[in-house]
Each structure stands twice: as C-alpha cells, then as structure tokens.
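Structure data follow from upload.cif (mmCIF, C-alpha atoms and all ligand atoms):
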```
data_start
#
loop_
_atom_site.label_atom_id
_atom_site.label_comp_id
_atom_site.auth_asym_id
_atom_site.auth_seq_id
_atom_site.Cartn_x
_atom_site.Cartn_y
_atom_site.Cartn_z
CA MET Y 1 100.94 225.46 143.54
CA ILE Y 2 100.84 223.31 140.44
CA GLU Y 3 104.20 221.88 141.37
CA GLY Y 4 102.83 220.83 144.77
CA LEU Y 5 99.89 219.12 143.05
CA ARG Y 6 102.20 217.41 140.58
CA ALA Y 7 104.29 216.06 143.46
CA ASP Y 8 101.17 214.84 145.28
CA LEU Y 9 99.91 213.12 142.15
CA ASP Y 10 103.30 211.53 141.46
CA ALA Y 11 103.46 210.20 145.02
CA LEU Y 12 99.90 208.87 144.82
CA ARG Y 13 100.59 207.24 141.48
CA ALA Y 14 103.83 205.65 142.73
CA ASP Y 15 102.06 204.32 145.81
CA PHE Y 16 99.21 202.95 143.69
CA GLU Y 17 101.53 201.28 141.21
CA ALA Y 18 103.60 199.65 143.97
CA GLN Y 19 100.51 198.22 145.67
CA LEU Y 20 98.95 197.15 142.37
CA SER Y 21 102.05 195.37 141.22
CA ALA Y 22 102.21 193.46 144.56
CA ALA Y 23 98.54 192.45 144.26
CA ARG Y 24 99.04 191.40 140.66
CA GLY Y 25 102.16 189.42 141.45
CA ALA Y 26 100.19 187.51 144.07
CA ASP Y 27 97.20 187.07 141.72
CA ASN Y 28 95.15 188.62 144.49
CA ASP Y 29 91.80 189.43 142.95
CA GLU Y 30 90.34 190.94 146.13
CA GLU Y 31 93.31 193.23 146.65
CA VAL Y 32 93.04 194.56 143.08
CA GLN Y 33 89.35 195.33 143.73
CA ARG Y 34 90.20 197.00 147.01
CA LEU Y 35 92.80 199.21 145.27
CA ARG Y 36 90.29 200.29 142.64
CA SER Y 37 87.89 201.39 145.32
CA SER Y 38 90.45 202.95 147.68
CA PHE Y 39 91.99 205.12 144.91
CA LEU Y 40 89.25 205.61 142.31
CA GLY Y 41 86.03 204.92 144.26
CA PRO Y 42 83.73 207.77 145.50
CA LYS Y 43 85.81 208.13 148.67
CA GLY Y 44 89.08 207.08 147.07
CA ARG Y 45 92.31 209.01 147.48
CA LEU Y 46 92.45 210.33 143.93
CA THR Y 47 88.77 211.31 143.97
CA LEU Y 48 89.23 213.31 147.18
CA LEU Y 49 92.33 214.97 145.76
CA LEU Y 50 90.45 215.96 142.60
CA ARG Y 51 87.65 217.37 144.67
CA GLY Y 52 90.20 219.76 146.29
CA LEU Y 53 91.03 221.28 142.88
CA GLY Y 54 88.01 223.57 143.26
CA GLN Y 55 89.94 225.48 145.92
CA LEU Y 56 92.67 226.47 143.42
CA PRO Y 57 92.73 229.93 141.84
CA PRO Y 58 90.85 229.91 138.52
CA GLU Y 59 93.97 230.41 136.35
CA ALA Y 60 95.61 227.27 137.82
CA ARG Y 61 92.57 225.04 137.43
CA PRO Y 62 92.88 224.01 133.72
CA GLU Y 63 96.44 222.78 134.10
CA ALA Y 64 95.63 221.10 137.42
CA GLY Y 65 92.62 219.40 135.82
CA ARG Y 66 94.72 218.16 132.91
CA LEU Y 67 97.37 216.70 135.23
CA ALA Y 68 94.75 215.03 137.40
CA ASN Y 69 92.96 213.52 134.40
CA VAL Y 70 96.17 212.07 133.04
CA VAL Y 71 96.75 210.35 136.37
CA ARG Y 72 93.14 209.15 136.68
CA GLU Y 73 93.22 207.63 133.22
CA ALA Y 74 96.55 205.95 133.91
CA LEU Y 75 95.29 204.45 137.18
CA THR Y 76 92.01 203.29 135.63
CA ARG Y 77 93.83 201.66 132.74
CA ALA Y 78 96.34 199.95 135.04
CA VAL Y 79 93.70 198.58 137.42
CA THR Y 80 91.46 197.36 134.58
CA GLU Y 81 94.40 195.62 132.96
CA ALA Y 82 95.36 194.06 136.33
CA GLU Y 83 91.79 192.77 136.83
CA GLY Y 84 91.92 191.08 133.40
CA ALA Y 85 95.31 189.54 134.11
CA VAL Y 86 94.28 188.22 137.54
CA ALA Y 87 91.03 186.74 136.13
CA ALA Y 88 92.94 185.04 133.29
CA ALA Y 89 95.41 183.60 135.81
CA ARG Y 90 92.47 182.33 137.92
CA ARG Y 91 90.92 180.62 134.88
CA ALA Y 92 94.23 179.04 133.89
CA ARG Y 93 94.65 177.75 137.46
CA ALA Y 94 91.13 176.30 137.49
CA LEU Y 95 91.80 174.51 134.21
CA THR Y 96 94.97 172.86 135.44
CA GLU Y 97 93.58 172.02 138.88
CA THR Y 98 90.40 170.39 137.52
CA ARG Y 99 91.86 168.77 134.45
CA VAL Y 100 89.69 165.94 133.05
CA ASP Y 101 91.48 162.77 132.13
CA LEU Y 102 89.65 161.73 128.99
CA SER Y 103 91.44 158.40 128.89
CA LEU Y 104 89.78 157.19 132.13
CA PRO Y 105 86.96 154.65 131.66
CA GLY Y 106 83.49 156.16 132.32
CA ARG Y 107 81.61 155.58 135.54
CA ARG Y 108 78.43 153.59 134.87
CA SER Y 109 75.88 154.78 137.42
CA HIS Y 110 72.81 153.47 135.56
CA PRO Y 111 72.61 150.18 133.70
CA ARG Y 112 72.26 150.66 129.95
CA GLY Y 113 68.68 150.24 128.69
CA ALA Y 114 67.65 148.32 125.57
CA VAL Y 115 64.67 148.17 123.28
CA HIS Y 116 62.02 145.70 124.51
CA PRO Y 117 61.95 142.48 122.44
CA THR Y 118 58.39 143.19 121.28
CA ASN Y 119 59.27 146.73 120.17
CA ARG Y 120 62.34 145.36 118.43
CA VAL Y 121 60.09 143.11 116.31
CA VAL Y 122 57.81 146.11 115.58
CA ARG Y 123 60.76 148.19 114.41
CA GLU Y 124 62.05 145.39 112.20
CA LEU Y 125 58.61 144.90 110.65
CA VAL Y 126 58.15 148.64 110.07
CA ASP Y 127 61.53 148.73 108.27
CA LEU Y 128 60.77 145.60 106.22
CA PHE Y 129 57.38 146.87 105.09
CA ALA Y 130 58.73 150.36 104.41
CA GLU Y 131 60.93 148.72 101.75
CA LEU Y 132 57.74 147.29 100.19
CA GLY Y 133 56.18 150.77 100.15
CA PHE Y 134 53.96 150.46 103.25
CA ALA Y 135 53.45 153.54 105.45
CA VAL Y 136 52.64 153.32 109.18
CA ALA Y 137 49.14 154.17 110.51
CA SER Y 138 47.60 154.05 113.99
CA GLY Y 139 44.23 154.16 115.73
CA PRO Y 140 42.75 154.34 119.26
CA GLU Y 141 42.86 151.45 121.75
CA VAL Y 142 39.42 152.32 123.16
CA GLU Y 143 37.37 151.82 120.03
CA LEU Y 144 33.80 152.19 118.88
CA ASP Y 145 31.98 148.89 118.35
CA TRP Y 146 31.28 150.07 114.80
CA TYR Y 147 34.97 150.16 113.78
CA ASN Y 148 35.96 147.04 115.75
CA PHE Y 149 33.06 144.85 114.54
CA GLU Y 150 30.27 146.32 112.48
CA ALA Y 151 32.29 147.98 109.69
CA LEU Y 152 34.40 144.79 109.54
CA ASN Y 153 31.34 142.82 108.52
CA PHE Y 154 30.53 141.32 111.93
CA PRO Y 155 26.71 141.61 112.04
CA PRO Y 156 25.25 142.52 115.46
CA ASP Y 157 25.01 139.49 117.76
CA HIS Y 158 26.82 137.34 115.18
CA PRO Y 159 28.59 134.40 116.88
CA ALA Y 160 31.88 135.39 115.18
CA ARG Y 161 32.17 138.13 117.82
CA ASP Y 162 32.68 135.37 120.39
CA MET Y 163 35.94 134.40 118.66
CA GLN Y 164 37.44 137.53 120.20
CA ASP Y 165 36.57 137.71 123.89
CA THR Y 166 35.80 141.38 124.19
CA PHE Y 167 36.40 143.79 127.07
CA PHE Y 168 33.56 146.29 127.02
CA VAL Y 169 34.17 149.83 128.26
CA LYS Y 170 31.59 151.56 130.44
CA PRO Y 171 30.37 154.32 128.15
CA PRO Y 172 30.18 157.94 129.31
CA PRO Y 173 26.65 159.19 130.19
CA GLY Y 174 24.54 159.58 127.06
CA ARG Y 175 26.38 156.91 125.07
CA LYS Y 176 24.75 153.61 124.18
CA ASP Y 177 25.56 150.51 126.19
CA LYS Y 178 28.17 148.26 124.44
CA GLU Y 179 29.19 151.09 122.14
CA LEU Y 180 32.80 151.23 123.39
CA VAL Y 181 35.24 148.31 123.52
CA LEU Y 182 38.94 147.81 124.05
CA ARG Y 183 39.87 146.94 120.48
CA THR Y 184 40.26 143.19 120.10
CA HIS Y 185 42.48 143.47 117.01
CA THR Y 186 44.19 146.11 114.88
CA SER Y 187 41.74 145.55 111.99
CA PRO Y 188 39.60 148.64 112.88
CA VAL Y 189 42.58 150.76 111.80
CA GLN Y 190 41.98 149.42 108.26
CA ILE Y 191 38.61 151.20 108.23
CA ARG Y 192 39.94 154.40 109.82
CA SER Y 193 42.89 154.55 107.38
CA MET Y 194 40.74 154.03 104.28
CA MET Y 195 38.24 156.65 105.51
CA THR Y 196 40.89 159.29 106.23
CA GLN Y 197 43.45 158.58 103.48
CA GLY Y 198 41.28 157.05 100.78
CA VAL Y 199 42.62 154.52 98.26
CA PRO Y 200 45.00 153.36 96.83
CA ILE Y 201 46.56 152.62 100.18
CA ARG Y 202 49.47 150.55 101.48
CA ALA Y 203 49.88 150.72 105.25
CA ILE Y 204 50.82 148.70 108.30
CA MET Y 205 49.28 149.39 111.70
CA PRO Y 206 51.08 148.19 114.81
CA GLY Y 207 49.48 148.50 118.24
CA ARG Y 208 48.19 147.07 121.51
CA VAL Y 209 45.01 144.97 121.52
CA TYR Y 210 43.00 143.38 124.33
CA ARG Y 211 41.12 140.12 124.84
CA CYS Y 212 39.70 138.38 127.87
CA ASP Y 213 42.19 135.56 127.49
CA SER Y 214 45.14 134.34 129.58
CA ASP Y 215 47.50 131.33 129.48
CA ALA Y 216 51.08 130.51 128.38
CA THR Y 217 50.43 131.57 124.78
CA HIS Y 218 47.58 134.05 125.34
CA SER Y 219 47.73 137.36 127.18
CA PRO Y 220 44.88 139.82 127.98
CA MET Y 221 46.96 142.56 126.35
CA PHE Y 222 49.14 141.77 123.39
CA HIS Y 223 50.41 143.38 120.20
CA GLN Y 224 49.33 142.97 116.63
CA ILE Y 225 50.43 144.42 113.35
CA GLU Y 226 47.86 144.84 110.64
CA GLY Y 227 48.66 145.20 106.97
CA LEU Y 228 46.42 146.61 104.25
CA CYS Y 229 46.96 147.04 100.53
CA VAL Y 230 44.09 148.30 98.36
CA ASP Y 231 44.38 149.31 94.73
CA GLU Y 232 43.02 148.42 91.31
CA GLY Y 233 43.93 144.87 90.28
CA ILE Y 234 45.25 143.58 93.63
CA SER Y 235 44.98 139.79 93.79
CA PHE Y 236 45.69 136.87 96.12
CA ALA Y 237 49.02 136.46 94.30
CA HIS Y 238 50.16 139.84 95.68
CA LEU Y 239 49.19 138.71 99.19
CA LYS Y 240 51.18 135.49 98.81
CA GLY Y 241 54.24 137.31 97.47
CA VAL Y 242 54.26 139.88 100.28
CA MET Y 243 53.76 137.22 103.00
CA GLN Y 244 56.51 135.00 101.62
CA SER Y 245 59.00 137.84 101.27
CA PHE Y 246 58.51 139.35 104.72
CA LEU Y 247 58.52 135.96 106.52
CA ASN Y 248 61.72 135.02 104.71
CA ALA Y 249 63.31 138.34 105.66
CA LEU Y 250 62.31 137.77 109.30
CA PHE Y 251 63.01 134.05 109.72
CA GLY Y 252 65.24 133.09 106.77
CA ALA Y 253 64.17 130.90 103.82
CA ARG Y 254 61.29 128.68 105.06
CA ALA Y 255 58.28 127.10 103.43
CA VAL Y 256 55.02 129.02 103.91
CA ARG Y 257 51.53 127.57 103.43
CA PHE Y 258 48.02 129.00 103.27
CA ARG Y 259 45.08 127.19 104.91
CA PRO Y 260 41.49 128.30 104.24
CA SER Y 261 40.05 130.04 107.28
CA PHE Y 262 37.17 132.30 108.23
CA PHE Y 263 37.37 135.95 109.24
CA PRO Y 264 34.21 137.99 108.50
CA PHE Y 265 36.23 140.86 107.03
CA VAL Y 266 38.05 138.87 104.31
CA GLU Y 267 36.91 136.61 101.48
CA PRO Y 268 38.64 134.30 100.83
CA GLY Y 269 40.39 134.12 104.18
CA ALA Y 270 43.44 132.11 105.21
CA GLU Y 271 45.68 131.23 108.11
CA VAL Y 272 49.32 131.48 107.12
CA ASP Y 273 51.65 128.82 108.54
CA MET Y 274 55.42 128.65 108.36
CA GLN Y 275 57.77 125.69 108.60
CA CYS Y 276 58.64 125.27 112.31
CA VAL Y 277 61.64 127.37 113.38
CA LEU Y 278 62.80 124.78 115.94
CA CYS Y 279 62.62 121.47 114.03
CA ASP Y 280 62.60 122.73 110.39
CA GLY Y 281 59.43 120.74 109.71
CA ALA Y 282 60.42 117.41 111.30
CA GLY Y 283 57.90 117.77 114.15
CA CYS Y 284 58.53 118.89 117.73
CA ARG Y 285 56.82 120.12 120.90
CA LEU Y 286 56.59 123.72 119.64
CA CYS Y 287 54.74 122.77 116.44
CA LYS Y 288 52.79 119.98 118.19
CA GLN Y 289 54.49 117.43 115.87
CA THR Y 290 52.91 119.00 112.75
CA GLY Y 291 56.08 120.66 111.38
CA TRP Y 292 54.14 123.95 110.91
CA ILE Y 293 53.45 126.95 113.11
CA GLU Y 294 50.59 129.34 112.64
CA ILE Y 295 51.82 132.86 112.11
CA LEU Y 296 48.98 135.10 110.99
CA GLY Y 297 45.52 135.56 109.54
CA ALA Y 298 45.06 137.07 106.08
CA GLY Y 299 42.78 137.33 103.06
CA MET Y 300 41.24 139.49 100.37
CA VAL Y 301 39.38 142.46 101.88
CA HIS Y 302 35.62 141.71 101.86
CA PRO Y 303 33.63 144.01 99.52
CA ASN Y 304 31.33 144.94 102.46
CA VAL Y 305 34.39 146.25 104.35
CA LEU Y 306 35.50 148.37 101.38
CA GLU Y 307 31.97 149.78 101.04
CA ALA Y 308 31.73 150.50 104.80
CA ALA Y 309 34.90 152.58 104.45
CA GLY Y 310 33.49 154.41 101.43
CA VAL Y 311 35.59 152.57 98.81
CA ASP Y 312 34.11 151.45 95.47
CA SER Y 313 34.36 147.64 95.69
CA GLU Y 314 33.66 147.23 91.94
CA ARG Y 315 36.80 149.15 91.10
CA TYR Y 316 39.15 148.33 93.96
CA THR Y 317 40.35 145.11 95.53
CA GLY Y 318 42.85 144.54 98.30
CA PHE Y 319 44.44 142.19 100.76
CA ALA Y 320 44.83 142.43 104.53
CA PHE Y 321 46.69 140.48 107.16
CA GLY Y 322 47.12 140.55 110.93
CA LEU Y 323 49.78 138.92 113.06
CA GLY Y 324 50.58 138.63 116.73
CA ILE Y 325 53.87 140.44 117.31
CA ASP Y 326 54.49 138.87 120.74
CA ARG Y 327 54.21 135.39 119.22
CA ILE Y 328 56.84 136.35 116.64
CA GLY Y 329 59.09 137.50 119.52
CA MET Y 330 58.44 134.17 121.30
CA LEU Y 331 59.44 132.21 118.22
CA ARG Y 332 62.57 134.22 117.56
CA HIS Y 333 63.87 133.95 121.12
CA ALA Y 334 62.43 130.50 121.99
CA ILE Y 335 60.42 131.92 124.93
CA ASP Y 336 58.06 129.39 126.49
CA ASP Y 337 55.67 131.77 128.28
CA LEU Y 338 54.24 134.92 126.70
CA GLY Y 339 53.82 136.46 130.18
CA HIS Y 340 57.61 136.91 130.46
CA LEU Y 341 57.37 139.67 127.88
CA PHE Y 342 54.98 141.71 130.03
CA ARG Y 343 56.36 141.23 133.56
CA SER Y 344 59.28 143.66 133.16
CA ASP Y 345 61.59 141.27 135.03
CA LEU Y 346 65.13 142.36 134.11
CA ARG Y 347 66.55 138.90 134.91
CA PHE Y 348 64.53 137.67 131.93
CA LEU Y 349 64.81 140.70 129.63
CA GLU Y 350 68.60 140.86 130.03
CA GLN Y 351 68.94 137.39 128.51
CA ILE Y 352 67.45 138.53 125.22
C1 LIG Y 401 42.74 138.53 114.08
O1 LIG Y 401 42.87 139.24 115.09
C2 LIG Y 401 42.48 139.19 112.75
N1 LIG Y 401 42.15 140.57 112.93
C3 LIG Y 401 43.70 139.00 111.85
C4 LIG Y 401 43.40 139.30 110.41
C5 LIG Y 401 43.66 140.55 109.91
C6 LIG Y 401 42.88 138.30 109.58
C7 LIG Y 401 43.39 140.84 108.58
C8 LIG Y 401 42.61 138.58 108.26
C9 LIG Y 401 42.88 139.84 107.75
P1 LIG Y 401 43.30 136.29 115.28
O2 LIG Y 401 42.23 136.36 116.28
O3 LIG Y 401 43.63 134.96 114.72
O4 LIG Y 401 42.97 137.25 114.02
O5 LIG Y 401 44.62 136.95 115.88
C10 LIG Y 401 45.78 137.18 115.08
C11 LIG Y 401 47.04 136.79 115.85
O6 LIG Y 401 47.07 137.44 117.10
C12 LIG Y 401 47.11 135.30 116.17
O7 LIG Y 401 47.66 134.58 115.11
C13 LIG Y 401 48.04 135.30 117.36
O8 LIG Y 401 49.39 135.36 116.93
C14 LIG Y 401 47.73 136.61 118.05
N2 LIG Y 401 46.90 136.41 119.23
C15 LIG Y 401 45.56 136.19 119.30
N3 LIG Y 401 45.14 136.12 120.59
C16 LIG Y 401 46.24 136.33 121.35
C17 LIG Y 401 46.47 136.43 122.77
N4 LIG Y 401 45.49 136.34 123.65
N5 LIG Y 401 47.73 136.66 123.21
C18 LIG Y 401 48.74 136.80 122.32
N6 LIG Y 401 48.61 136.74 120.98
C19 LIG Y 401 47.36 136.51 120.50
#
```
Now that the file is in, can you turn its structure into structure tokens?
Amino acid sequence: MIEGLRADLDALRADFEAQLSAARGADNDEEVQRLRSSFLGPKGRLTLLLRGLGQLPPEARPEAGRLANVVREALTRAVTEAEGAVAAARRARALTETRVDLSLPGRRSHPRGAVHPTNRVVRELVDLFAELGFAVASGPEVELDWYNFEALNFPPDHPARDMQDTFFVKPPPGRKDKELVLRTHTSPVQIRSMMTQGVPIRAIMPGRVYRCDSDATHSPMFHQIEGLCVDEGISFAHLKGVMQSFLNALFGARAVRFRPSFFPFVEPGAEVDMQCVLCDGAGCRLCKQTGWIEILGAGMVHPNVLEAAGVDSERYTGFAFGLGIDRIGMLRHAIDDLGHLFRSDLRFLEQI
C-alpha cells in the first residue's frame, strides 16, 4: 500500500519537476503560477492525493503522511525558488530593454526661468546689508494711516501728505473713513519694527509700495527698500559711511553727495545723489546734463518718530533711508521705461 503511494508520489513529483523546469527555462511567470495552483492549490493534484490518505488503515497513515509531507515541502520549495528566479529574470530583462543613456543631452520642454531683475536687486541688497549687520523685516501693504503717516510725523491734513499721492482703501464697516491706505512707502515698517523688536535695531525692509503716479519713471506700484539703524551714539557720519559703502558695492567706486531735503520723519533730511552711471559725471540725457542721479532719501530719525514707536529719543539716535529698487534696476540695465519691469513681456526680460 505504502509502495503504491510512494510510486504515485514519485510520478507526481517527476511530472511536476519536468513541467516546472520547462516553465522556468522559458521564464514563463504565468506557467509557474499555474503549476503552483494545479499541484499545491486547494484542488491541486498533490492536495487531492493527500486527502485520500484518510482512507488508509491507521497503521499505514504515519509513514504515508511523512512521505507526502516530504514531497509537499520539496514541491513548495521548488516552485517558490522558480518564482524568484523568473521574477529576477524579468527585472533583468526590463533593465536592459529600458536602459537610459545618461550621455544623451536632456530634452528641454520648458524654458528655464530666471529671477526677475527687481528681485535680483533686492537679493543683492539683502546680502550687502547682511554683511553690515542688518536683518530683514517686513510689514503689510494695506496699512493703517497711523503707521504710514501719523507716527512718521505727518500731522493730519499736512500738505506733506500730498507729496505721496495716496490710494485710500475702502474700510470695512465700523472702521473710520481714510483709516486704511495702500502704503505709499516702506517707512511704516520702521515704526512696526521698533515697536515689536525694540532698540538697538539694524534692519532693512524691502517691499511693494503704491502711489497714484504713472509715467516713464513712475509706476503706480513699485518697490522700495527701507533701512533703519537706531542705537546710542548713532550720527550722520554713520549714515554717510553706510550709504557710500553700499553704493560702491552696487555700482563700483563713484562719488556720492548729500543734498539737504525735507521728509517729515527725518531731521536733518537729505537726498543722496551718485555720479551718473552713464557719463561718469560729464553730463548726459539720463542725468539731465547735471552729472548726478538721485538715488535715495535719507536722514537722522526724527525724535517724534522714535517717541511714537516708544523709543527714548534722549538716549537713542538713528538714521534711516529709503530707495526705489526699480530705479536701481533701471540704472544697472540702462532701461528707459520703468513699465517694462512690470509687463512680464519675456522678449524684454530675456535680454536682461
Ligand atoms: C520716500 O518714499 C521716503 N520714505 C524715503 C525715505 C526713507 C527718506 C527714510 C528718508 C528716510 P520718496 O518719495 O523720495 O521718499 O521715494 C523714494 C524713492 O522711491 C525715490 O527716490 C524713487 O527712486 C522711488 N520712487 C518714488 N516714486 C516712484 C514711482 N512712482 N515709481 C517708481 N519709483 C518711485
């Protein structure tokens, strides 16, 4: 009886091994799967044969069970090993069939972008001032009248407010008329920075500002960068040194001059001019034959401004400056119309 079973098992095993080796030789994944199920699955040949063992007399069952288990383990091992081998062969085939040639030049489906000329100037300025110990601060573009004007020593209805043609923002219900403006300069960030960080402070504040103004050198939206340095013992000499060193770093060695000027939030105040970048001071169309171009406004922070921001003006002094970033970009790239910088026309931007 046992001998008959042994012969059956040997025949089944031989049949299985022959079919498995053919499937493996052909790397036939599906055939290997089919063999697993047709021999070892719930209705597989070996499973059915094992089920018949129950019919044997009890004394023959242990030996029959041992023989059957040996065969089942052998078949399971062989089919599992064949599955692994066929999968590895499939992976190796895929790798050779889809080989990537790394030496081929890339396909350029999108043109390469670049940093906008205005943002490039901002980044350069941030780096330059970081070397002088200035951190970067920011504030909102929709600003309260108090920060934009009042705290900067513009009294209500003072004509100086007309110097900066203001866009007023319709206030939400419950707010006072004329309380909200689109900030006309980055100077309100001076107040916000001193109020939140206190003094001593050294910071620059780049950002968008808005004025009701439009021609070749004026745009309703443009960019400014504000600088503020407040500490004990800060003098006009510090202001001059910082202006000279950053303008030289940006434009090379050029003469810089200070002209007295009025801004309500500084005293004394000055416009800072630089020797013309086109004619080196000889006189040309850009500098209107004067040899100088106006670069920025600056001055010593007015005591009223320090007090409005909660700073003791007896103990602390400071300087501030504000420059138009777009104008700097115009000068560096000899652009004749500020509007080019805002129209997003690639034919123009690609030339820079
Ligand atoms: C101011 O805005 C002052 N807040 C600057 C300042 C800061 C002075 C701190 C003193 C101390 P002004 O209005 O001059 O100043 O503007 C500064 C710069 O912004 C100008 O020199 C110019 O480069 C630029 N600018 C002004 N209006 C426009 C405009 N409509 N379009 C483009 N750039 C402009």
From Y:Glu59, Y:Asp280, Y:Glu271, Y:Asp27, residue lying nearest ligand LIG 401 (chain Y) [only C-alpha atoms and all ligand atoms]: Y:Glu271
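Between ligand LIG 401 (chain Y) and the candidates Y:Ala7, Y:Ala82, Y:Ala298, Y:Val71, the tightest atom-to-atom separation, counting all atoms listed in the file, involves Y:Ala298.
Checking Y:Leu331, Y:Trp292, Y:Leu346, Y:Tyr210 one by one against ligand LIG 401 (chain Y), counting all atoms listed in the file, you find the shortest gap at Y:Tyr210.
Closest approach to ligand LIG 401 (chain Y) among Y:Phe246, Y:Phe222, Y:Phe134, Y:Phe236 is made by Y:Phe222 (distances from only C-alpha atoms and all ligand atoms).
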Which residues are near Glu350 in chain Y? Cut-off 12 Å, only C-alpha atoms, ignore same chain within fewer than 2 positions. Put them as a tab-separated table (two decimals) with C-alpha atoms, keeping the file's coordinate frame.
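Contents of out35.tsv, freshly written:
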```tsv
chain	number	residue	atom	x	y	z
Y	111	PRO	CA	72.61	150.18	133.70
Y	112	ARG	CA	72.26	150.66	129.95
Y	113	GLY	CA	68.68	150.24	128.69
Y	114	ALA	CA	67.65	148.32	125.57
Y	115	VAL	CA	64.67	148.17	123.28
Y	116	HIS	CA	62.02	145.70	124.51
Y	117	PRO	CA	61.95	142.48	122.44
Y	340	HIS	CA	57.61	136.91	130.46
Y	341	LEU	CA	57.37	139.67	127.88
Y	344	SER	CA	59.28	143.66	133.16
Y	345	ASP	CA	61.59	141.27	135.03
Y	346	LEU	CA	65.13	142.36	134.11
Y	347	ARG	CA	66.55	138.90	134.91
Y	348	PHE	CA	64.53	137.67	131.93
Y	352	ILE	CA	67.45	138.53	125.22
```
What are the closest atom pairs, with distances in Å to one decimal, for all residues of range 218-260 of chain Y lying within 12 Å of range 171-195 of chain Y? Consider all atoms listed in the file, order rows by chain and residue number, and present the result as JSON lines.
```
{"residue": "Y:Ser219", "atom": "CA", "partner": "Y:Thr184", "partner_atom": "CA", "distance": 11.8}
{"residue": "Y:Pro220", "atom": "CA", "partner": "Y:Thr184", "partner_atom": "CA", "distance": 9.7}
{"residue": "Y:Met221", "atom": "CA", "partner": "Y:Thr184", "partner_atom": "CA", "distance": 9.2}
{"residue": "Y:Phe222", "atom": "CA", "partner": "Y:His185", "partner_atom": "CA", "distance": 9.4}
{"residue": "Y:His223", "atom": "CA", "partner": "Y:His185", "partner_atom": "CA", "distance": 8.5}
{"residue": "Y:Gln224", "atom": "CA", "partner": "Y:Thr186", "partner_atom": "CA", "distance": 6.3}
{"residue": "Y:Ile225", "atom": "CA", "partner": "Y:Thr186", "partner_atom": "CA", "distance": 6.6}
{"residue": "Y:Glu226", "atom": "CA", "partner": "Y:Thr186", "partner_atom": "CA", "distance": 5.7}
{"residue": "Y:Gly227", "atom": "CA", "partner": "Y:Gln190", "partner_atom": "CA", "distance": 8.0}
{"residue": "Y:Leu228", "atom": "CA", "partner": "Y:Gln190", "partner_atom": "CA", "distance": 6.6}
{"residue": "Y:Cys229", "atom": "CA", "partner": "Y:Gln190", "partner_atom": "CA", "distance": 9.5}
{"residue": "Y:Val230", "atom": "CA", "partner": "Y:Met194", "partner_atom": "CA", "distance": 8.9}
{"residue": "Y:Asp231", "atom": "CA", "partner": "Y:Met194", "partner_atom": "CA", "distance": 11.3}
```
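Distances from Y:Cys212, Y:Ile234, Y:Ala320, Y:Val32 to Gly84 in chain Y were compared using only C-alpha atoms, and the smallest one belongs to Y:Val32.
Between ligand LIG 401 (chain Y) and the residues Y:Ala282, Y:Met300, Y:Leu349, Y:Ile204, the shortest atom-to-atom distance, using all atoms listed in the file, involves Y:Met300.
Here CA of Ser261 in chain Y stands at a distance of 19.1 Å from CA of Thr317 in chain Y.
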Spatial neighbours of Ile2 in chain Y, max dist 9 Å, all atoms listed in the file, sep filter under 2 positions, as a list in words: Gly4, Leu5, Arg6, Ala7, Ala60, Arg61, Glu63 and Ala64 of chain Y
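CA of Ala151 in chain Y is found 6.0 Å from CA of Val305 in chain Y.
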Nearby residues (all atoms listed in the file) at most 8 Å from Thr118 in chain Y, same-chain spacing under 5 positions excluded, as a list in words: Ile325, Asp326, Gly329 and Leu341 of chain Y
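Our summary of the geometry notes that atom C12 of ligand LIG 401 (chain Y) is positioned 21.3 Å from CA of Arg202 in chain Y.
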Could you work out an axis-aligned box for ligand LIG 401 (chain Y), taking every atom the file lists and adding 6 Å on each side, and report centre and edge lengths in Å to one decimal, as lines of an AutoDock Vina configuration file?
```
center_x = 45.8
center_y = 137.7
center_z = 115.7
size_x = 19.2
size_y = 18.3
size_z = 27.9
```
Residue neighbourhood Glu314 in chain Y, 12 Å, all atoms listed in the file, exclusion window fewer than 6 positions, as number ranges by chain: Y: 231-233, 302-304, 306-307
